Amino acid sequence: MLRSAFSATARRQLAAKAMARQHAACGSLLSSSRFSTTPAALSESQIPSLHTLTEDEQMMRDVVSRFAREVVQPKVFEMDESEVMDPSVIRGLFETGLMGVETPAELGGAEASFTSAILVIEELAKIDPSVSVLCDVHNTLVNTVFRTYGSKHLQEKYLPQLAENKVGSFCLSEAGAGSDAFSLQTRAELKGDHYLLNGTKMWITNSGEAEVFLVFANVDPSKGYKGITCFVVDKDMGVKIAKKEKKLGIRSSSTCQLSFDDVKVPVENVVGEVGKGYKIAIEILNEGRIGIAAQMVGLAQGAFDYAMPYLFQRKQFNTYLGDFQAMQHQYAQVAVEIEAARLLTYNAARLKEEGKPFVKEAAMAKLYASQVAEKASSKAVEWLGGVGFTREFPVEKFFRDCKIGAIYEGTSNIQLQTIAKSLSKQYQE
C-alpha cells in the first residue's frame with residue numbers, strides 16, 4: 001500500500017541526500033541543487049519562493065495526497081460516525097512511512113525535512129483533519145521530543161517503534177492546567193531506581209491508540225514550574241484511560257482523560273534533565289503550532305475544493321451559482337485568505353528549518369490559519385445551501401472540525417499574547 005515510496009532503500013537514499021545537503025549547505029537546511037548554498041552568492045533570481053519544494057518534499061506531498069484519497073477518504077464518514085479511527089488507516093500511515101517523517105533513516109524513519117512533515121499534515125487535512133492531527137502530534141511533538149531531548153538510549157529504543165507500529169501521545173494538559181500549563185498537579189516521586197507517577201491528564205490527543213506516552217509531571221512542587229519533568233511512559237506500565245471525550249469535531253481522533261496511579265517509571269525514562277520539562281514543553285509547542293496551522297490550511301483547502309465544483313454544476317435563474325458576481329467575490333476572497341494562511345505557515349516552517357527565530361511567525365500562522373479555516377468551511381456550507389447542511393456531504397464535517405484550531409496547542413488569545421509580547425519587545429528596544 002504505497003510502502004514502496006518510502007521503502008528501506010528509499011529511506012537510505014533520503015539519508016544519503018540529507019548528508020550530502022548537510023555538507024554542501026554549511027548549515028542551510030533550505031539548500032537544494034538548484035540554489036547556491038552561499039548566502040552572499042545568491043542573486044535575486046535565485047532566491048526560492050515559499051512554494052519551492054525539494055525533490056524529496058514534492059515526492060512526499062504526492063505520496064500523501066494519493067494515500068489520503070485512496071485509503072483515508074473512503075473511510076472518513078464511517079470513522080466520523082463511529083468516532084473511532086479505523087485501524088487500517090493507522091496501519092497505512094506506518095506502512096507509507098508517514099509516522100517517522102523526520103526520524104533518521106538508521107532508526108527507521110524517512111529522514112525528511114520539517115517542511116515535509118508540514119506538507120504531510122496539510123495533505124491529510126484536506127481529506128480528514130482527524131487523521132491529520134494523529135499524524136501531526138505523533139511527528140511534530142512526540143518524535144521531535146525524542147530526537148531533540150531524548151538520550152541515545154531512549155532514541156534507539158523508541159524512535160524505531162514510533163516509526164514502525166506504535167502511536168505516540170503528548171500528555172501535558174490537566175483539568176486546571178490548560179493555557180496555564182505549568183500549574184499541572186501530576187506528581188513524580190523518586191524511589192531509588194524509578195519514579196512513581198500519580199495524577200490525571202485531560203484532553204490528550206492520540207491517547208486511545210497510543211502505546212508510548214510523554215508525560216509531564218512535577219518532581220518537586222516547591223520549585224514551581226522548575227520541578228516539571230518529562231517522562232517516557234509505556235502503556236503497559238499502567239496508563240489508564242479514564243474517559244473518552246465525545247467531541248463536536250475531529251471525532252475519530254481520540255481525546256481522553258488519563259489516570260496515573262503509582263505508575264512505576266524507570267529513572268532512565270526521564271527525557272532531558274530533571275526539572276527542565278517546562279523548557280521542553282515551551283519549545284516543542286512553538287514548533288507544534290506550525291503543524292496545527294498546516295492542519296487548518298489543509299482543512300480550509302479541502303472544504304474549498306469540495307464546494308467550488310458545485311458552484312459550476314448547479315444553476316439558479318438559469319445561471320451557474322459561480323457566475324453570480326456576489327459569489328465570485330466571496331470565493332475569490334476565501335482563496336486569497338487560504339493562500340495567505342499557507343504562506344504564513346510555510347514561512348514559519350522554513351524559518352524553523354533555518355534555525356532562525358520563528359515563535360512569532362508560528363503564532364501568526366496558527367492564529368490566522370484557524371480563522372481562515374472557520375471562514376472557508378462556513379462559506380462552503382453556505383455555498384452548497386441545503387445539501388451543505390446535511391451529513392451526506394463532507395463540508396459540514398469540515399465546519400465542525402475547524403473549531404478546534406482556535407483551541408488546542410495554544411488558544412487564539414494565547415497566540416495574540418505571544419505575538420504582542422514579541423512586537424512590544426521589538427519596538428521597545
# chains A, B, ... in the order shown; residues from 1 in each chain; ligands from 1
$ residues_around --residues "A:Ile228" --least-positions-apart "5" --cutoff "8 Å" --atoms "only C-alpha atoms" --output "CSV table (one decimal) with C-alpha atoms, in the first residue's frame"
chain,number,residue,atom,x,y,z
A,182,PHE,CA,2.7,24.9,34.2
A,216,PHE,CA,4.9,15.9,32.2
A,217,ALA,CA,4.9,15.7,36.0
A,218,ASN,CA,6.4,17.7,38.8
A,219,VAL,CA,9.1,16.1,40.9
A,220,ASP,CA,9.3,19.0,43.4
A,274,VAL,CA,15.1,16.6,35.7
A,275,GLY,CA,13.3,19.9,36.2
A,276,LYS,CA,13.7,21.0,32.6
A,277,GLY,CA,10.3,19.7,31.3
A,278,TYR,CA,8.9,23.2,31.2
$ residues_around --residues "A:Ser422" --least-positions-apart "4" --cutoff "7 Å" --atoms "only C-alpha atoms" --output "list in words"
Lys360, Thr418 and Gln426 of chain A
$ select_by_dssp --residues "stretch 58-282 of chain A" --states "strand (DSSP E or B)" --output "ChimeraX atom specification"
/A:168-171,174,177,187-191,194-205,212-218,228-234,240-244,255-266,270-271
$ residues_around --residues "stretch 126-133 of chain A" --least-positions-apart "2" --cutoff "6 Å" --atoms "only C-alpha atoms" --output "short mmCIF file (atom, residue, chain, number, x, y, z; two decimals) with all heavy atoms, in the first residue's frame"
data_model
loop_
_atom_site.label_atom_id
_atom_site.label_comp_id
_atom_site.auth_asym_id
_atom_site.auth_seq_id
_atom_site.Cartn_x
_atom_site.Cartn_y
_atom_site.Cartn_z
N ILE A 121 0.89 16.85 6.96
CA ILE A 121 -0.25 17.27 7.78
C ILE A 121 -1.28 18.00 6.93
O ILE A 121 -2.49 17.76 7.05
CB ILE A 121 0.25 18.17 8.93
CG1 ILE A 121 1.16 17.37 9.86
CG2 ILE A 121 -0.92 18.77 9.71
CD1 ILE A 121 2.04 18.23 10.76
N GLU A 123 -1.80 17.84 3.61
CA GLU A 123 -2.45 16.97 2.63
C GLU A 123 -3.49 16.05 3.28
O GLU A 123 -4.57 15.84 2.74
CB GLU A 123 -1.41 16.15 1.87
CG GLU A 123 -0.55 16.94 0.92
CD GLU A 123 -1.35 17.66 -0.16
OE1 GLU A 123 -2.27 17.02 -0.74
OE2 GLU A 123 -1.07 18.83 -0.41
N LEU A 124 -3.17 15.50 4.44
CA LEU A 124 -4.12 14.64 5.13
C LEU A 124 -5.35 15.43 5.56
O LEU A 124 -6.48 14.94 5.50
CB LEU A 124 -3.46 14.00 6.36
CG LEU A 124 -2.40 12.92 6.10
CD1 LEU A 124 -1.72 12.52 7.40
CD2 LEU A 124 -3.03 11.70 5.43
N CYS A 135 -1.38 12.18 12.97
CA CYS A 135 -0.05 12.19 12.35
C CYS A 135 0.76 13.39 12.82
O CYS A 135 1.97 13.29 13.06
CB CYS A 135 -0.21 12.19 10.84
SG CYS A 135 1.32 11.91 9.92
N ASP A 136 0.11 14.52 13.00
CA ASP A 136 0.76 15.76 13.41
C ASP A 136 1.36 15.62 14.80
O ASP A 136 2.57 15.85 15.01
CB ASP A 136 -0.27 16.90 13.38
CG ASP A 136 0.27 18.19 13.95
OD1 ASP A 136 1.51 18.37 13.98
OD2 ASP A 136 -0.54 19.03 14.38
N VAL A 137 0.55 15.26 15.78
CA VAL A 137 1.02 15.14 17.16
C VAL A 137 2.13 14.11 17.26
O VAL A 137 3.14 14.32 17.95
CB VAL A 137 -0.15 14.79 18.09
CG1 VAL A 137 0.36 14.39 19.48
CG2 VAL A 137 -1.12 15.97 18.20
N ILE A 250 -13.42 16.62 14.78
CA ILE A 250 -12.32 15.65 14.75
C ILE A 250 -12.67 14.43 15.63
O ILE A 250 -11.90 14.01 16.49
CB ILE A 250 -10.95 16.26 15.13
CG1 ILE A 250 -10.96 16.92 16.50
CG2 ILE A 250 -10.47 17.21 14.06
CD1 ILE A 250 -9.55 17.28 17.02
N SER A 252 -13.01 11.15 15.14
CA SER A 252 -12.28 9.89 15.14
C SER A 252 -10.88 10.02 15.72
O SER A 252 -10.20 9.01 15.93
CB SER A 252 -12.22 9.30 13.72
OG SER A 252 -11.46 10.11 12.86
N SER A 253 -10.45 11.24 16.00
CA SER A 253 -9.21 11.45 16.73
C SER A 253 -9.52 11.30 18.21
O SER A 253 -10.34 12.04 18.75
CB SER A 253 -8.65 12.85 16.45
OG SER A 253 -7.65 13.20 17.38
N GLY A 298 -4.94 22.92 5.38
CA GLY A 298 -5.45 21.78 4.64
C GLY A 298 -6.95 21.65 4.75
O GLY A 298 -7.64 21.37 3.75
N LEU A 299 -7.47 21.85 5.96
CA LEU A 299 -8.93 21.80 6.17
C LEU A 299 -9.64 22.84 5.30
O LEU A 299 -10.63 22.54 4.62
CB LEU A 299 -9.22 22.03 7.65
CG LEU A 299 -10.65 21.88 8.17
CD1 LEU A 299 -10.63 21.63 9.68
CD2 LEU A 299 -11.52 23.09 7.87
N GLY A 302 -9.51 21.83 1.74
CA GLY A 302 -10.39 20.69 1.48
C GLY A 302 -11.84 21.11 1.34
O GLY A 302 -12.54 20.64 0.42
#
$ residues_around --residues "stretch 139-156 of chain A" --least-positions-apart "3" --cutoff "8 Å" --atoms "only C-alpha atoms" --output "ChimeraX atom specification"
/A:99-103,107,117,135-136,159-160,162,168-170,214,269,271-272,280,284-285,287-288,291
$ residues_around --residues "A:Ile419" --least-positions-apart "6" --cutoff "12 Å" --atoms "only C-alpha atoms" --output "PyMOL selection string"
chain A and resi 286+358-368+412-413+425-426
$ closest_atom_pairs --of "stretch 202-269 of chain A" --to "stretch 67-88 of chain A" --cutoff "12 Å" --atoms "only C-alpha atoms" --output "CSV"
residue,atom,partner,partner_atom,distance
A:Asn206,CA,A:Met85,CA,9.9
A:Ser207,CA,A:Met85,CA,11.8
A:Gly208,CA,A:Val84,CA,9.1
A:Glu209,CA,A:Met85,CA,8.6
A:Ala210,CA,A:Met85,CA,11.9
A:Lys244,CA,A:Glu83,CA,10.1
A:Glu245,CA,A:Glu83,CA,9.9
A:Lys246,CA,A:Glu83,CA,8.0
A:Lys247,CA,A:Glu83,CA,8.8
A:Leu248,CA,A:Asp80,CA,10.4
A:Gly249,CA,A:Asp80,CA,8.4
A:Ile250,CA,A:Asp80,CA,7.5
A:Arg251,CA,A:Glu83,CA,4.8
A:Ser252,CA,A:Glu83,CA,4.2
A:Ser253,CA,A:Met85,CA,6.4
A:Ser254,CA,A:Val84,CA,7.3
A:Thr255,CA,A:Glu83,CA,10.4
$ closest_residue --among "A:Phe393, A:Ala294, A:Thr205, A:Ala307" --to "A:Glu122" --atoms "only C-alpha atoms"
A:Ala294
$ select_by_dssp --residues "stretch 202-388 of chain A" --states "alpha helix (DSSP H)" --output "ChimeraX atom specification"
/A:277-311,325-353,359-384
$ residues_around --residues "A:Gly178" --least-positions-apart "6" --cutoff "12 Å" --atoms "only C-alpha atoms" --output "list in words"
Cys171, Leu172, Leu184, Gln185, Lys201, Met202, Trp203, Ile204, Ile407, Tyr408, Glu409, Gly410, Thr411 and Ile414 of chain A
$ closest_residue --among "A:Thr96, A:Gln328, A:Ser113, A:Asn165" --to "A:Gln58" --atoms "only C-alpha atoms"
A:Ser113
$ closest_residue --among "A:Leu416, A:Ala300, A:Leu344, A:Ala281" --to "A:Lys403" --atoms "only C-alpha atoms"
A:Ala300
$ residues_around --residues "stretch 349-353 of chain A" --least-positions-apart "5" --cutoff "7 Å" --atoms "only C-alpha atoms" --output "list in words"
Leu29, Phe114, Thr115, Ile290 and Phe358 of chain A
$ closest_residue --among "A:Met60, A:Leu119, A:Val215, A:Val381" --to "A:Phe304" --atoms "only C-alpha atoms"
A:Val381
$ closest_residue --among "A:Ala341, A:Glu283, A:Asp234, A:Phe312" --to "A:Pro357" --atoms "only C-alpha atoms"
A:Glu283
$ decode --residues "stretch 401-415 of chain A" --atoms "all heavy atoms" --output "PDB file, in the first residue's frame"
ATOM      1  N   ASP A 401     -15.033  20.353  12.341  1.00  0.00           N
ATOM      2  CA  ASP A 401     -13.636  20.080  12.666  1.00  0.00           C
ATOM      3  C   ASP A 401     -12.805  21.347  12.891  1.00  0.00           C
ATOM      4  O   ASP A 401     -11.829  21.333  13.654  1.00  0.00           O
ATOM      5  CB  ASP A 401     -12.980  19.267  11.539  1.00  0.00           C
ATOM      6  CG  ASP A 401     -13.463  17.830  11.472  1.00  0.00           C
ATOM      7  OD1 ASP A 401     -14.153  17.382  12.413  1.00  0.00           O
ATOM      8  OD2 ASP A 401     -13.154  17.145  10.477  1.00  0.00           O
ATOM      9  N   CYS A 402     -13.180  22.425  12.236  1.00  0.00           N
ATOM     10  CA  CYS A 402     -12.320  23.614  12.237  1.00  0.00           C
ATOM     11  C   CYS A 402     -12.220  24.296  13.592  1.00  0.00           C
ATOM     12  O   CYS A 402     -11.201  24.923  13.902  1.00  0.00           O
ATOM     13  CB  CYS A 402     -12.794  24.628  11.192  1.00  0.00           C
ATOM     14  SG  CYS A 402     -14.264  25.564  11.683  1.00  0.00           S
ATOM     15  N   LYS A 403     -13.237  24.172  14.430  1.00  0.00           N
ATOM     16  CA  LYS A 403     -13.281  24.965  15.668  1.00  0.00           C
ATOM     17  C   LYS A 403     -12.129  24.660  16.608  1.00  0.00           C
ATOM     18  O   LYS A 403     -11.655  25.541  17.339  1.00  0.00           O
ATOM     19  CB  LYS A 403     -14.613  24.744  16.381  1.00  0.00           C
ATOM     20  CG  LYS A 403     -14.887  25.768  17.470  1.00  0.00           C
ATOM     21  CD  LYS A 403     -14.912  27.187  16.894  1.00  0.00           C
ATOM     22  CE  LYS A 403     -14.809  28.242  17.959  1.00  0.00           C
ATOM     23  NZ  LYS A 403     -14.748  29.616  17.384  1.00  0.00           N
ATOM     24  N   ILE A 404     -11.650  23.435  16.580  1.00  0.00           N
ATOM     25  CA  ILE A 404     -10.565  23.061  17.492  1.00  0.00           C
ATOM     26  C   ILE A 404      -9.286  23.831  17.200  1.00  0.00           C
ATOM     27  O   ILE A 404      -8.435  24.007  18.086  1.00  0.00           O
ATOM     28  CB  ILE A 404     -10.306  21.528  17.412  1.00  0.00           C
ATOM     29  CG1 ILE A 404      -9.379  21.080  18.543  1.00  0.00           C
ATOM     30  CG2 ILE A 404      -9.725  21.145  16.057  1.00  0.00           C
ATOM     31  CD1 ILE A 404      -9.950  21.289  19.930  1.00  0.00           C
ATOM     32  N   GLY A 405      -9.147  24.344  15.989  1.00  0.00           N
ATOM     33  CA  GLY A 405      -7.937  25.081  15.629  1.00  0.00           C
ATOM     34  C   GLY A 405      -7.704  26.322  16.471  1.00  0.00           C
ATOM     35  O   GLY A 405      -6.565  26.762  16.643  1.00  0.00           O
ATOM     36  N   ALA A 406      -8.787  26.879  16.998  1.00  0.00           N
ATOM     37  CA  ALA A 406      -8.665  28.071  17.841  1.00  0.00           C
ATOM     38  C   ALA A 406      -8.459  27.721  19.309  1.00  0.00           C
ATOM     39  O   ALA A 406      -8.380  28.619  20.157  1.00  0.00           O
ATOM     40  CB  ALA A 406      -9.927  28.932  17.697  1.00  0.00           C
ATOM     41  N   ILE A 407      -8.369  26.411  19.598  1.00  0.00           N
ATOM     42  CA  ILE A 407      -8.307  25.973  20.996  1.00  0.00           C
ATOM     43  C   ILE A 407      -7.017  25.236  21.333  1.00  0.00           C
ATOM     44  O   ILE A 407      -6.296  25.629  22.247  1.00  0.00           O
ATOM     45  CB  ILE A 407      -9.533  25.087  21.322  1.00  0.00           C
ATOM     46  CG1 ILE A 407     -10.834  25.871  21.094  1.00  0.00           C
ATOM     47  CG2 ILE A 407      -9.447  24.558  22.755  1.00  0.00           C
ATOM     48  CD1 ILE A 407     -12.097  25.033  21.197  1.00  0.00           C
ATOM     49  N   TYR A 408      -6.719  24.121  20.608  1.00  0.00           N
ATOM     50  CA  TYR A 408      -5.597  23.313  21.086  1.00  0.00           C
ATOM     51  C   TYR A 408      -4.237  23.829  20.638  1.00  0.00           C
ATOM     52  O   TYR A 408      -4.130  24.624  19.724  1.00  0.00           O
ATOM     53  CB  TYR A 408      -5.772  21.832  20.786  1.00  0.00           C
ATOM     54  CG  TYR A 408      -5.912  21.328  19.373  1.00  0.00           C
ATOM     55  CD1 TYR A 408      -5.689  22.099  18.244  1.00  0.00           C
ATOM     56  CD2 TYR A 408      -6.277  19.983  19.183  1.00  0.00           C
ATOM     57  CE1 TYR A 408      -5.812  21.569  16.973  1.00  0.00           C
ATOM     58  CE2 TYR A 408      -6.409  19.439  17.922  1.00  0.00           C
ATOM     59  CZ  TYR A 408      -6.164  20.229  16.825  1.00  0.00           C
ATOM     60  OH  TYR A 408      -6.289  19.682  15.564  1.00  0.00           O
ATOM     61  N   GLU A 409      -3.223  23.376  21.386  1.00  0.00           N
ATOM     62  CA  GLU A 409      -1.832  23.829  21.224  1.00  0.00           C
ATOM     63  C   GLU A 409      -1.706  25.345  21.302  1.00  0.00           C
ATOM     64  O   GLU A 409      -0.943  25.966  20.551  1.00  0.00           O
ATOM     65  CB  GLU A 409      -1.202  23.252  19.957  1.00  0.00           C
ATOM     66  CG  GLU A 409      -1.073  21.733  20.023  1.00  0.00           C
ATOM     67  CD  GLU A 409      -0.084  21.148  19.040  1.00  0.00           C
ATOM     68  OE1 GLU A 409       0.906  21.817  18.719  1.00  0.00           O
ATOM     69  OE2 GLU A 409      -0.315  20.010  18.601  1.00  0.00           O
ATOM     70  N   GLY A 410      -2.493  25.927  22.206  1.00  0.00           N
ATOM     71  CA  GLY A 410      -2.470  27.365  22.423  1.00  0.00           C
ATOM     72  C   GLY A 410      -3.674  28.034  21.809  1.00  0.00           C
ATOM     73  O   GLY A 410      -3.828  28.056  20.586  1.00  0.00           O
ATOM     74  N   THR A 411      -4.562  28.575  22.643  1.00  0.00           N
ATOM     75  CA  THR A 411      -5.766  29.228  22.138  1.00  0.00           C
ATOM     76  C   THR A 411      -5.411  30.461  21.313  1.00  0.00           C
ATOM     77  O   THR A 411      -4.281  30.949  21.342  1.00  0.00           O
ATOM     78  CB  THR A 411      -6.667  29.666  23.306  1.00  0.00           C
ATOM     79  OG1 THR A 411      -5.971  30.687  24.062  1.00  0.00           O
ATOM     80  CG2 THR A 411      -7.008  28.494  24.221  1.00  0.00           C
ATOM     81  N   SER A 412      -6.409  30.981  20.621  1.00  0.00           N
ATOM     82  CA  SER A 412      -6.161  32.185  19.808  1.00  0.00           C
ATOM     83  C   SER A 412      -5.706  33.358  20.671  1.00  0.00           C
ATOM     84  O   SER A 412      -4.857  34.157  20.253  1.00  0.00           O
ATOM     85  CB  SER A 412      -7.422  32.549  19.020  1.00  0.00           C
ATOM     86  OG  SER A 412      -7.668  31.599  18.010  1.00  0.00           O
ATOM     87  N   ASN A 413      -6.263  33.461  21.872  1.00  0.00           N
ATOM     88  CA  ASN A 413      -5.829  34.540  22.768  1.00  0.00           C
ATOM     89  C   ASN A 413      -4.368  34.381  23.174  1.00  0.00           C
ATOM     90  O   ASN A 413      -3.632  35.369  23.298  1.00  0.00           O
ATOM     91  CB  ASN A 413      -6.713  34.602  24.011  1.00  0.00           C
ATOM     92  CG  ASN A 413      -8.042  35.287  23.731  1.00  0.00           C
ATOM     93  OD1 ASN A 413      -8.168  36.039  22.769  1.00  0.00           O
ATOM     94  ND2 ASN A 413      -9.031  35.039  24.567  1.00  0.00           N
ATOM     95  N   ILE A 414      -3.947  33.138  23.389  1.00  0.00           N
ATOM     96  CA  ILE A 414      -2.544  32.895  23.719  1.00  0.00           C
ATOM     97  C   ILE A 414      -1.649  33.260  22.533  1.00  0.00           C
ATOM     98  O   ILE A 414      -0.566  33.841  22.707  1.00  0.00           O
ATOM     99  CB  ILE A 414      -2.326  31.425  24.118  1.00  0.00           C
ATOM    100  CG1 ILE A 414      -2.984  31.143  25.469  1.00  0.00           C
ATOM    101  CG2 ILE A 414      -0.843  31.083  24.155  1.00  0.00           C
ATOM    102  CD1 ILE A 414      -2.376  31.896  26.636  1.00  0.00           C
ATOM    103  N   GLN A 415      -2.103  32.967  21.320  1.00  0.00           N
ATOM    104  CA  GLN A 415      -1.317  33.341  20.132  1.00  0.00           C
ATOM    105  C   GLN A 415      -1.195  34.862  20.020  1.00  0.00           C
ATOM    106  O   GLN A 415      -0.117  35.394  19.726  1.00  0.00           O
ATOM    107  CB  GLN A 415      -1.946  32.775  18.852  1.00  0.00           C
ATOM    108  CG  GLN A 415      -2.185  31.280  18.861  1.00  0.00           C
ATOM    109  CD  GLN A 415      -1.003  30.475  19.338  1.00  0.00           C
ATOM    110  OE1 GLN A 415       0.128  30.670  18.911  1.00  0.00           O
ATOM    111  NE2 GLN A 415      -1.265  29.544  20.248  1.00  0.00           N
TER     112      GLN A 415
END
